[in-house]
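Engineer: Pasting my_file-v1.txt below, which is compact mmCIF, C-alpha atoms.
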# COMPACT_ATOMS: atom_id res chain seq x y z
CA MET A 1 0.00 0.00 0.00
CA LYS A 2 1.28 3.44 -0.96
CA GLU A 3 2.14 5.85 1.85
CA LEU A 4 2.13 9.63 1.97
CA VAL A 5 5.60 11.14 1.52
CA THR A 6 7.20 12.87 4.48
CA SER A 7 9.23 15.28 2.32
CA ILE A 8 9.74 16.37 -1.26
CA PRO A 9 13.03 17.23 -2.98
CA LYS A 10 14.45 20.74 -2.87
CA LEU A 11 13.36 22.72 -5.92
CA HIS A 12 15.88 23.03 -8.76
CA ALA A 13 14.30 24.69 -11.79
CA GLY A 14 16.13 24.18 -15.07
CA ASP A 15 17.81 27.17 -16.69
CA ARG A 16 16.12 27.87 -20.02
CA LEU A 17 16.17 30.39 -22.82
CA LEU A 18 12.41 30.74 -23.27
CA CYS A 19 11.82 31.38 -26.97
CA GLY A 20 8.45 29.73 -27.32
CA PRO A 21 5.02 31.39 -27.40
CA GLY A 22 5.37 32.46 -23.76
CA PRO A 23 6.33 32.87 -21.06
CA SER A 24 9.48 34.74 -21.95
CA ASN A 25 12.41 35.05 -19.58
CA VAL A 26 11.81 37.51 -16.76
CA HIS A 27 13.90 40.67 -16.65
CA PRO A 28 16.38 40.55 -13.72
CA GLN A 29 15.07 43.84 -12.32
CA VAL A 30 11.55 42.45 -12.41
CA LEU A 31 12.70 39.41 -10.40
CA GLU A 32 14.45 41.73 -7.96
CA ALA A 33 11.24 43.72 -7.46
CA MET A 34 9.60 40.54 -6.17
CA ARG A 35 12.14 40.45 -3.32
CA GLN A 36 10.76 43.67 -1.83
CA PRO A 37 8.86 43.40 1.48
CA ILE A 38 5.31 42.25 0.93
CA ASN A 39 2.45 44.58 1.91
CA GLY A 40 -1.07 43.49 2.71
CA HIS A 41 -3.74 44.05 0.09
CA LEU A 42 -5.45 46.65 2.33
CA ASP A 43 -2.24 48.44 3.31
CA PRO A 44 -2.56 52.18 2.48
CA ASP A 45 1.01 52.16 1.13
CA LEU A 46 0.02 49.46 -1.35
CA TRP A 47 -2.96 51.58 -2.39
CA ASN A 48 -0.51 54.28 -3.47
CA VAL A 49 1.47 51.71 -5.45
CA LEU A 50 -1.74 50.63 -7.22
CA LEU A 51 -2.59 54.21 -8.17
CA ASP A 52 0.87 54.62 -9.72
CA LEU A 53 0.41 51.28 -11.45
CA VAL A 54 -2.88 52.51 -12.92
CA GLU A 55 -1.05 55.47 -14.46
CA GLY A 56 1.51 53.07 -15.93
CA LEU A 57 -1.26 50.89 -17.35
CA LYS A 58 -2.89 53.92 -18.95
CA ALA A 59 0.41 54.79 -20.63
CA LEU A 60 0.94 51.20 -21.75
CA TRP A 61 -2.55 50.94 -23.25
CA ARG A 62 -2.38 54.51 -24.61
CA ARG A 63 -5.71 55.46 -23.08
CA LEU A 64 -6.57 58.33 -20.72
CA ASP A 65 -10.33 57.79 -20.63
CA GLY A 66 -12.19 54.75 -19.37
CA VAL A 67 -10.40 52.44 -16.96
CA SER A 68 -7.12 50.54 -17.26
CA LEU A 69 -6.61 47.95 -14.53
CA CYS A 70 -5.46 44.35 -14.06
CA LEU A 71 -7.06 41.03 -13.19
CA SER A 72 -5.32 38.76 -10.66
CA ALA A 73 -5.35 35.82 -13.06
CA SER A 74 -3.89 34.81 -16.44
CA GLY A 75 -4.69 36.32 -19.83
CA THR A 76 -7.58 33.91 -20.31
CA SER A 77 -9.31 35.69 -17.44
CA GLY A 78 -9.06 38.94 -19.38
CA MET A 79 -10.84 37.27 -22.27
CA GLU A 80 -13.57 35.85 -20.05
CA ALA A 81 -14.04 39.11 -18.11
CA GLY A 82 -14.58 41.01 -21.35
CA ILE A 83 -17.25 38.63 -22.59
CA ALA A 84 -18.87 38.49 -19.14
CA ASN A 85 -19.08 42.25 -18.67
CA LEU A 86 -19.92 43.40 -22.19
CA THR A 87 -22.51 40.80 -23.22
CA GLU A 88 -25.75 39.40 -21.88
CA PRO A 89 -27.70 36.28 -22.89
CA GLY A 90 -29.24 36.75 -26.33
CA ASP A 91 -26.89 39.55 -27.44
CA LYS A 92 -25.62 39.32 -31.02
CA VAL A 93 -21.86 38.78 -31.01
CA ILE A 94 -19.54 38.46 -34.01
CA VAL A 95 -16.23 36.70 -33.42
CA ILE A 96 -13.54 36.85 -36.12
CA HIS A 97 -11.10 33.98 -35.82
CA ALA A 98 -8.55 31.86 -37.64
CA GLY A 99 -6.64 30.31 -34.78
CA PHE A 100 -6.81 28.69 -31.36
CA PHE A 101 -7.33 31.81 -29.25
CA GLY A 102 -9.87 33.40 -31.56
CA ALA A 103 -11.83 30.16 -31.36
CA ARG A 104 -11.61 30.40 -27.58
CA ILE A 105 -13.27 33.84 -27.68
CA ALA A 106 -16.08 32.24 -29.70
CA GLU A 107 -16.37 29.43 -27.15
CA MET A 108 -16.65 31.90 -24.30
CA ALA A 109 -19.31 33.88 -26.17
CA ARG A 110 -21.19 30.62 -26.73
CA ARG A 111 -21.01 29.75 -23.04
CA ALA A 112 -22.32 33.22 -22.22
CA GLN A 113 -25.45 32.27 -24.22
CA THR A 114 -25.01 35.00 -26.79
CA GLU A 115 -26.28 34.77 -30.36
CA LEU A 116 -22.94 33.96 -31.94
CA VAL A 117 -21.86 34.69 -35.52
CA GLU A 118 -18.46 33.22 -36.39
CA LEU A 119 -16.31 34.51 -39.25
CA THR A 120 -13.40 32.19 -39.98
CA ALA A 121 -10.45 31.81 -42.33
CA PRO A 122 -7.80 29.14 -42.94
CA LEU A 123 -4.97 28.99 -40.41
CA GLY A 124 -2.28 31.51 -41.27
CA GLN A 125 -4.76 33.86 -42.97
CA ILE A 126 -7.11 36.60 -41.77
CA VAL A 127 -10.84 37.09 -42.31
CA PRO A 128 -11.02 39.86 -44.97
CA LEU A 129 -12.39 43.18 -43.78
CA ASP A 130 -15.02 43.28 -46.52
CA GLN A 131 -16.40 39.98 -45.18
CA VAL A 132 -16.63 41.55 -41.73
CA GLN A 133 -18.43 44.55 -43.20
CA GLU A 134 -20.97 42.33 -44.95
CA ALA A 135 -21.58 40.41 -41.73
CA LEU A 136 -22.18 43.65 -39.84
CA LYS A 137 -24.63 44.83 -42.49
CA ALA A 138 -26.51 41.54 -42.20
CA ASN A 139 -26.42 41.71 -38.39
CA HIS A 140 -27.10 45.38 -37.69
CA ASP A 141 -28.01 44.60 -34.06
CA THR A 142 -24.50 43.32 -33.22
CA LYS A 143 -23.51 44.28 -29.69
CA LEU A 144 -19.88 43.11 -29.70
CA VAL A 145 -17.16 42.17 -32.19
CA GLY A 146 -14.29 40.06 -30.87
CA VAL A 147 -10.92 39.45 -32.53
CA VAL A 148 -7.34 38.47 -31.68
CA HIS A 149 -4.90 41.25 -32.56
CA ALA A 150 -1.85 38.96 -32.48
CA GLU A 151 -2.82 35.29 -32.82
CA THR A 152 -0.27 33.34 -30.80
CA SER A 153 -1.20 30.02 -32.38
CA THR A 154 -0.47 31.07 -36.00
CA GLY A 155 1.83 34.12 -35.86
CA VAL A 156 -0.76 36.32 -37.60
CA ARG A 157 -1.57 39.99 -36.92
CA TYR A 158 -5.09 41.28 -37.56
CA PRO A 159 -5.40 44.90 -38.85
CA LEU A 160 -7.10 46.13 -35.70
CA GLU A 161 -7.20 49.82 -36.53
CA LYS A 162 -8.83 49.15 -39.91
CA LEU A 163 -11.32 46.78 -38.31
CA ALA A 164 -12.35 49.50 -35.85
CA HIS A 165 -13.02 51.87 -38.77
CA VAL A 166 -15.22 49.27 -40.46
CA ILE A 167 -17.20 48.71 -37.26
CA ARG A 168 -17.73 52.42 -36.59
CA ALA A 169 -18.85 53.02 -40.18
CA THR A 170 -21.15 50.00 -40.42
CA ALA A 171 -22.42 49.23 -36.89
CA PRO A 172 -21.50 52.21 -34.69
CA ASP A 173 -23.21 50.82 -31.58
CA ALA A 174 -21.13 47.60 -31.61
CA LEU A 175 -18.22 47.42 -29.19
CA LEU A 176 -14.81 46.07 -30.20
CA LEU A 177 -13.02 43.50 -27.99
CA ALA A 178 -9.38 42.73 -28.80
CA ASP A 179 -7.02 40.05 -27.53
CA CYS A 180 -3.62 41.75 -27.18
CA VAL A 181 -1.96 38.97 -25.20
CA THR A 182 1.06 38.78 -27.50
CA SER A 183 1.07 42.33 -28.88
CA LEU A 184 1.00 44.54 -25.76
CA GLY A 185 4.51 45.86 -25.16
CA GLY A 186 5.83 44.33 -28.37
CA GLU A 187 4.16 46.45 -31.05
CA PRO A 188 1.83 49.45 -31.34
CA VAL A 189 -1.42 49.02 -29.43
CA GLU A 190 -3.40 52.28 -29.46
CA THR A 191 -6.66 51.51 -27.70
CA ALA A 192 -7.99 55.09 -27.64
CA ALA A 193 -6.83 56.18 -31.10
CA TRP A 194 -8.09 52.95 -32.68
CA ASP A 195 -11.46 52.96 -30.86
CA VAL A 196 -10.88 49.63 -29.14
CA ASP A 197 -13.50 49.36 -26.40
CA TYR A 198 -11.99 46.49 -24.45
CA ALA A 199 -8.49 45.05 -24.73
CA TYR A 200 -6.75 42.52 -22.54
CA SER A 201 -3.27 41.05 -22.33
CA CYS A 202 -1.01 39.07 -20.02
CA SER A 203 2.09 39.69 -17.94
CA GLN A 204 4.47 37.02 -19.29
CA LYS A 205 5.13 37.75 -22.95
CA SER A 206 6.34 41.07 -24.36
CA LEU A 207 6.22 42.67 -20.89
CA GLY A 208 8.75 40.12 -19.58
CA CYS A 209 7.06 39.51 -16.21
CA PRO A 210 5.99 36.26 -14.52
CA PRO A 211 2.68 34.72 -15.66
CA GLY A 212 -0.47 35.17 -13.64
CA LEU A 213 -1.84 38.67 -14.32
CA SER A 214 -4.08 40.10 -17.04
CA PRO A 215 -3.86 43.85 -17.69
CA PHE A 216 -6.95 45.22 -19.41
CA SER A 217 -8.34 48.53 -20.64
CA ILE A 218 -11.96 49.51 -21.21
CA SER A 219 -13.41 52.60 -22.88
CA GLU A 220 -16.10 54.94 -21.57
CA ARG A 221 -18.48 53.31 -24.06
CA GLY A 222 -17.65 49.95 -22.54
CA LEU A 223 -18.20 51.23 -19.01
CA ASP A 224 -21.56 52.65 -20.08
CA ARG A 225 -22.55 49.22 -21.44
CA ILE A 226 -21.66 47.68 -18.06
CA ARG A 227 -23.75 50.26 -16.16
CA LYS A 228 -26.80 49.38 -18.27
CA ARG A 229 -26.59 45.60 -17.76
CA GLN A 230 -29.75 43.77 -16.75
CA HIS A 231 -27.95 40.73 -15.31
CA PRO A 232 -25.16 40.64 -12.69
CA VAL A 233 -21.57 39.69 -13.53
CA SER A 234 -19.63 37.04 -11.60
CA PHE A 235 -18.06 38.61 -8.52
CA SER A 236 -14.42 37.96 -9.43
CA PHE A 237 -14.74 39.50 -12.91
CA ASP A 238 -17.02 42.41 -12.03
CA ILE A 239 -15.12 45.37 -13.50
CA ASP A 240 -17.20 47.88 -11.54
CA LEU A 241 -16.21 46.22 -8.24
CA LEU A 242 -12.58 45.92 -9.33
CA ALA A 243 -12.47 49.61 -10.23
CA LYS A 244 -13.74 50.53 -6.77
CA TYR A 245 -10.90 48.56 -5.17
CA TRP A 246 -8.23 49.97 -7.47
CA LEU A 247 -9.42 53.58 -7.51
CA ASP A 248 -11.61 54.40 -4.48
CA ARG A 249 -9.91 55.48 -1.24
CA PRO A 250 -10.18 53.95 1.26
CA ALA A 251 -10.24 50.83 -0.92
CA PRO A 252 -13.16 48.45 -0.33
CA TYR A 253 -12.04 44.83 -0.07
CA HIS A 254 -12.53 42.79 -3.24
CA HIS A 255 -9.98 39.96 -3.21
CA THR A 256 -6.53 39.13 -1.83
CA MET A 257 -4.11 40.22 -4.52
CA PRO A 258 -0.89 38.32 -5.39
CA ILE A 259 1.16 41.27 -4.17
CA LEU A 260 4.59 40.14 -5.39
CA GLN A 261 3.17 39.55 -8.86
CA TYR A 262 1.98 43.14 -8.89
CA TYR A 263 5.41 44.36 -7.79
CA ALA A 264 6.78 42.50 -10.80
CA LEU A 265 4.23 44.00 -13.18
CA TYR A 266 4.93 47.46 -11.77
CA GLU A 267 8.64 47.08 -12.50
CA GLY A 268 7.99 45.56 -15.93
CA ILE A 269 5.83 48.52 -16.95
CA ARG A 270 8.30 50.97 -15.44
CA LEU A 271 11.09 49.45 -17.52
CA ALA A 272 8.94 49.54 -20.66
CA LEU A 273 8.18 53.22 -20.19
CA GLU A 274 11.81 53.97 -19.31
CA GLU A 275 12.93 52.29 -22.53
CA GLY A 276 10.23 54.15 -24.46
CA LEU A 277 7.35 52.24 -26.06
CA GLU A 278 8.36 53.21 -29.59
CA ALA A 279 11.92 52.01 -28.96
CA ARG A 280 10.60 48.81 -27.40
CA TRP A 281 8.33 48.14 -30.37
CA ALA A 282 11.25 48.75 -32.73
CA ARG A 283 13.45 46.33 -30.76
CA HIS A 284 10.82 43.59 -31.04
CA GLU A 285 10.35 44.26 -34.75
CA ASP A 286 14.09 44.16 -35.46
CA ALA A 287 14.55 40.86 -33.61
CA GLY A 288 11.57 39.19 -35.27
CA ARG A 289 12.30 40.35 -38.79
CA TYR A 290 15.96 39.41 -38.42
CA PHE A 291 15.07 35.90 -37.26
CA GLN A 292 12.50 35.42 -40.02
CA GLN A 293 14.89 36.52 -42.76
CA GLN A 294 17.65 34.29 -41.42
CA MET A 295 15.25 31.34 -41.42
CA ARG A 296 14.14 32.11 -44.98
CA ASP A 297 17.79 32.19 -46.02
CA ARG A 298 18.07 28.66 -44.61
CA GLY A 299 15.10 27.50 -46.68
CA TYR A 300 12.38 27.53 -44.02
CA THR A 301 8.86 28.80 -44.66
CA PHE A 302 6.15 30.22 -42.39
CA LEU A 303 2.50 29.42 -41.78
CA SER A 304 1.39 33.05 -41.64
CA ASP A 305 0.48 35.23 -44.60
CA PRO A 306 3.56 37.46 -45.07
CA ASP A 307 1.32 40.54 -45.27
CA HIS A 308 0.04 39.82 -41.75
CA GLN A 309 3.01 38.21 -40.05
CA LEU A 310 3.83 38.98 -36.44
CA TRP A 311 7.36 39.78 -35.44
CA GLU A 312 7.00 38.81 -31.76
CA LEU A 313 6.17 35.24 -32.72
CA SER A 314 7.08 33.25 -35.83
CA ALA A 315 5.16 30.12 -36.86
CA VAL A 316 7.78 28.10 -38.76
CA ASN A 317 6.56 25.23 -40.93
CA VAL A 318 8.16 21.91 -39.96
CA PRO A 319 9.82 20.46 -43.09
CA GLU A 320 8.51 17.18 -44.47
CA ASP A 321 9.99 14.04 -42.94
CA VAL A 322 11.06 15.95 -39.81
CA ASP A 323 9.69 15.06 -36.38
CA GLY A 324 8.89 18.52 -35.01
CA LYS A 325 8.33 17.35 -31.42
CA GLN A 326 11.65 15.52 -31.41
CA VAL A 327 13.39 18.71 -32.54
CA GLN A 328 11.69 20.64 -29.73
CA SER A 329 12.85 18.01 -27.25
CA ARG A 330 16.46 18.21 -28.45
CA PHE A 331 16.41 22.01 -28.23
CA LEU A 332 15.24 21.73 -24.63
CA ARG A 333 17.33 18.81 -23.37
CA GLU A 334 20.57 19.38 -25.27
CA LEU A 335 20.65 23.17 -25.66
CA GLY A 336 18.40 24.54 -22.91
CA ILE A 337 16.15 26.38 -25.37
CA GLU A 338 12.37 26.19 -25.35
CA ILE A 339 10.40 26.65 -28.56
CA GLY A 340 6.73 25.83 -29.02
CA GLY A 341 4.82 23.52 -31.32
CA GLY A 342 1.36 23.67 -32.85
CA LEU A 343 -1.53 24.36 -30.48
CA GLY A 344 -4.78 22.43 -30.56
CA PRO A 345 -5.91 19.15 -32.15
CA GLY A 346 -6.15 20.59 -35.68
CA ALA A 347 -2.83 22.43 -35.59
CA PRO A 348 -0.48 21.98 -38.56
CA PRO A 349 3.13 20.86 -37.94
CA ILE A 350 4.82 24.11 -36.93
CA TRP A 351 7.34 25.48 -34.47
CA ARG A 352 6.34 28.64 -32.67
CA VAL A 353 9.38 30.79 -31.92
CA GLY A 354 8.89 33.84 -29.71
CA LEU A 355 11.33 36.71 -29.27
CA MET A 356 9.61 38.77 -26.62
CA GLY A 357 10.46 40.96 -23.66
CA VAL A 358 14.09 40.60 -22.57
CA ASN A 359 14.59 38.05 -25.39
CA ALA A 360 13.59 40.46 -28.17
CA ASN A 361 17.09 40.98 -29.56
CA ARG A 362 19.40 39.57 -32.21
CA GLU A 363 21.55 37.79 -29.63
CA ALA A 364 18.65 35.59 -28.55
CA ALA A 365 17.66 35.12 -32.19
CA ASP A 366 21.21 33.96 -33.01
CA ARG A 367 21.10 31.37 -30.22
CA VAL A 368 17.88 29.94 -31.63
CA LEU A 369 19.29 30.03 -35.18
CA ALA A 370 22.44 28.22 -34.01
CA ALA A 371 20.23 25.58 -32.41
CA PHE A 372 18.41 25.01 -35.69
CA ASP A 373 21.75 24.77 -37.48
CA ALA A 374 23.01 22.21 -34.96
CA VAL A 375 19.89 20.04 -34.87
CA LEU A 376 18.80 20.41 -38.51
CA PRO A 377 21.74 21.36 -40.75
CA ARG A 378 20.32 22.85 -43.96
Could you quickly redo this structure as structure tokens?
Structural biologist:
Amino acid sequence: MKELVTSIPKLHAGDRLLCGPGPSNVHPQVLEAMRQPINGHLDPDLWNVLLDLVEGLKALWRRLDGVSLCLSASGTSGMEAGIANLTEPGDKVIVIHAGFFGARIAEMARRAQTELVELTAPLGQIVPLDQVQEALKANHDTKLVGVVHAETSTGVRYPLEKLAHVIRATAPDALLLADCVTSLGGEPVETAAWDVDYAYSCSQKSLGCPPGLSPFSISERGLDRIRKRQHPVSFSFDIDLLAKYWLDRPAPYHHTMPILQYYALYEGIRLALEEGLEARWARHEDAGRYFQQQMRDRGYTFLSDPDHQLWELSAVNVPEDVDGKQVQSRFLRELGIEIGGGLGPGAPPIWRVGLMGVNANREAADRVLAAFDAVLPR
């Protein structure tokens, strides 16, 4: 008969260069921030930290109006909170998707009992804007349009600004929800200028922080939609209650925050603003484009349409007669480098290579390229 253990081994985490779809390696200063003394979640000194963090989030999301806050859970919670707050049962919702995470938005809209219209395209492509426009004309009562700005499963960028123009011109009362999990901090995300009503992200990719938090930003239009709801939102994801905790003083208790995670996010945003967002975006673009060109020079191809290809994440097609999972395993076990594979049961054979946060540079790209050269000489 098995017995309960009386001890477990001391933790020894392996040292990795994380160049998959996320998480990325954490910036040393971000790790150091987590060593600061922990405050309680109702400590007035922490309240001041949160107010400063709100200002940083506003700058990161490029929005002064509305509310920019953070959920104490992963990026998926940002997705679910958006659907939960901005829709009610029976609302017409259009979800544009051609990848794993866009399909997840659709699944959440379905679970929220909305009237769901799905617009899809082959993996690696985008749903054309004229198709979206026709769908909006046919569904003039649409309450929400959801899309992934940077689809982590395929390496594809959706033209978010152009989509917003189509929505405003065709169905001006519809709100726009955007998944910016991979894009925030790695490329331009202009929520106010682009008329994005609700956007959410995560802490562990281009921001270079530990996983576990979901920054989000919501417009005044979005807040007005929440105020007019007929049905209550789940307590944990109630944006109105969260805003009271983050912004009202004294702060009413909502939940016990993972304080050290927020210290890390604070430092990650501070570093991003210190670097300058434009400079940070340019650094990510240079690293991604450099890696992609070097891979093309070696004869590799990509899943994503070149006109809509991300630079934070590259979806590299696995050559015929190559075992992609075995290559990933060799990268990890022999070279200490993590790269990702296809995501989901219908995923094509691809490697997903991310150059995000502290790893968005040519030095990290060269290490990954050298690994490909060692494991798969071309």
Engineer: Would you compute the distance between atom CA of Gly208 of chain A and atom CA of Ser24 of chain A? Give it in Å to one decimal.
Structural biologist: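 Result for atom CA of Gly208 of chain A versus atom CA of Ser24 of chain A: 5.9 Å, one decimal.
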Engineer: Write out as JSON, numbers by chain the residues lying within 9 Å of segment 361-364 of chain A, counting only C-alpha atoms and excluding same-chain residues fewer than 3 positions away.
Structural biologist: {"A": [17, 19, 283, 284, 286, 287, 288, 290, 291, 355, 356, 357, 358, 367, 368, 369]}
Engineer: Using all atoms listed in the file, what residues lie at most 9 Å away from (-9.8, 46.5, -17.9) (file coordinates), given as a PyMOL selection string?
Structural biologist: chain A and resi 66-71+78+81-82+198-200+214-219+239+243
Engineer: Nearest residue to Leu273 of chain A out of A:Leu60, A:Val316, A:Val233, A:Met1, using only C-alpha atoms?
Structural biologist: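 Using only C-alpha atoms, the shortest distance to Leu273 of chain A belongs to A:Leu60.
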Engineer: With a distance cut-off of 8 Å and all atoms listed in the file, select the neighbouring residues of segment 106-115 of chain A, excluding the residue or stretch itself and same-chain residues fewer than 5 positions from it, and output the selection as a list in words.
Structural biologist: Glu80, Ile83, Ala84, Thr87, Glu88, Pro89, Gly90, Asp91, Lys92, Val93 and Val95 of chain A
Engineer: Which residue out of A:Gln326, A:Thr182, A:Thr191, A:Thr256 has the minimum interatomic distance to Ala150 of chain A when only C-alpha atoms are used?
Structural biologist: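 Among the listed residues, A:Thr182 lies closest to Ala150 of chain A.
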Engineer: Here is a test: counting all atoms listed in the file, which residue of A:Phe331, A:Phe101, A:Trp246, A:Phe302 is nearest to His149 of chain A?
Structural biologist: A:Phe101
Engineer: How many Å separate atom CA of Pro211 of chain A from atom CA of Leu335 of chain A?
Structural biologist: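 Computing it gives 23.6 Å between the two atoms.
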Engineer: Using all atoms listed in the file, can you tell me which of A:Asp141, A:Asp15, A:Glu32, A:Asp323 comes closest to Ile350 of chain A?
Structural biologist: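 Using all atoms listed in the file, Ile350 of chain A sits closest to A:Asp323.
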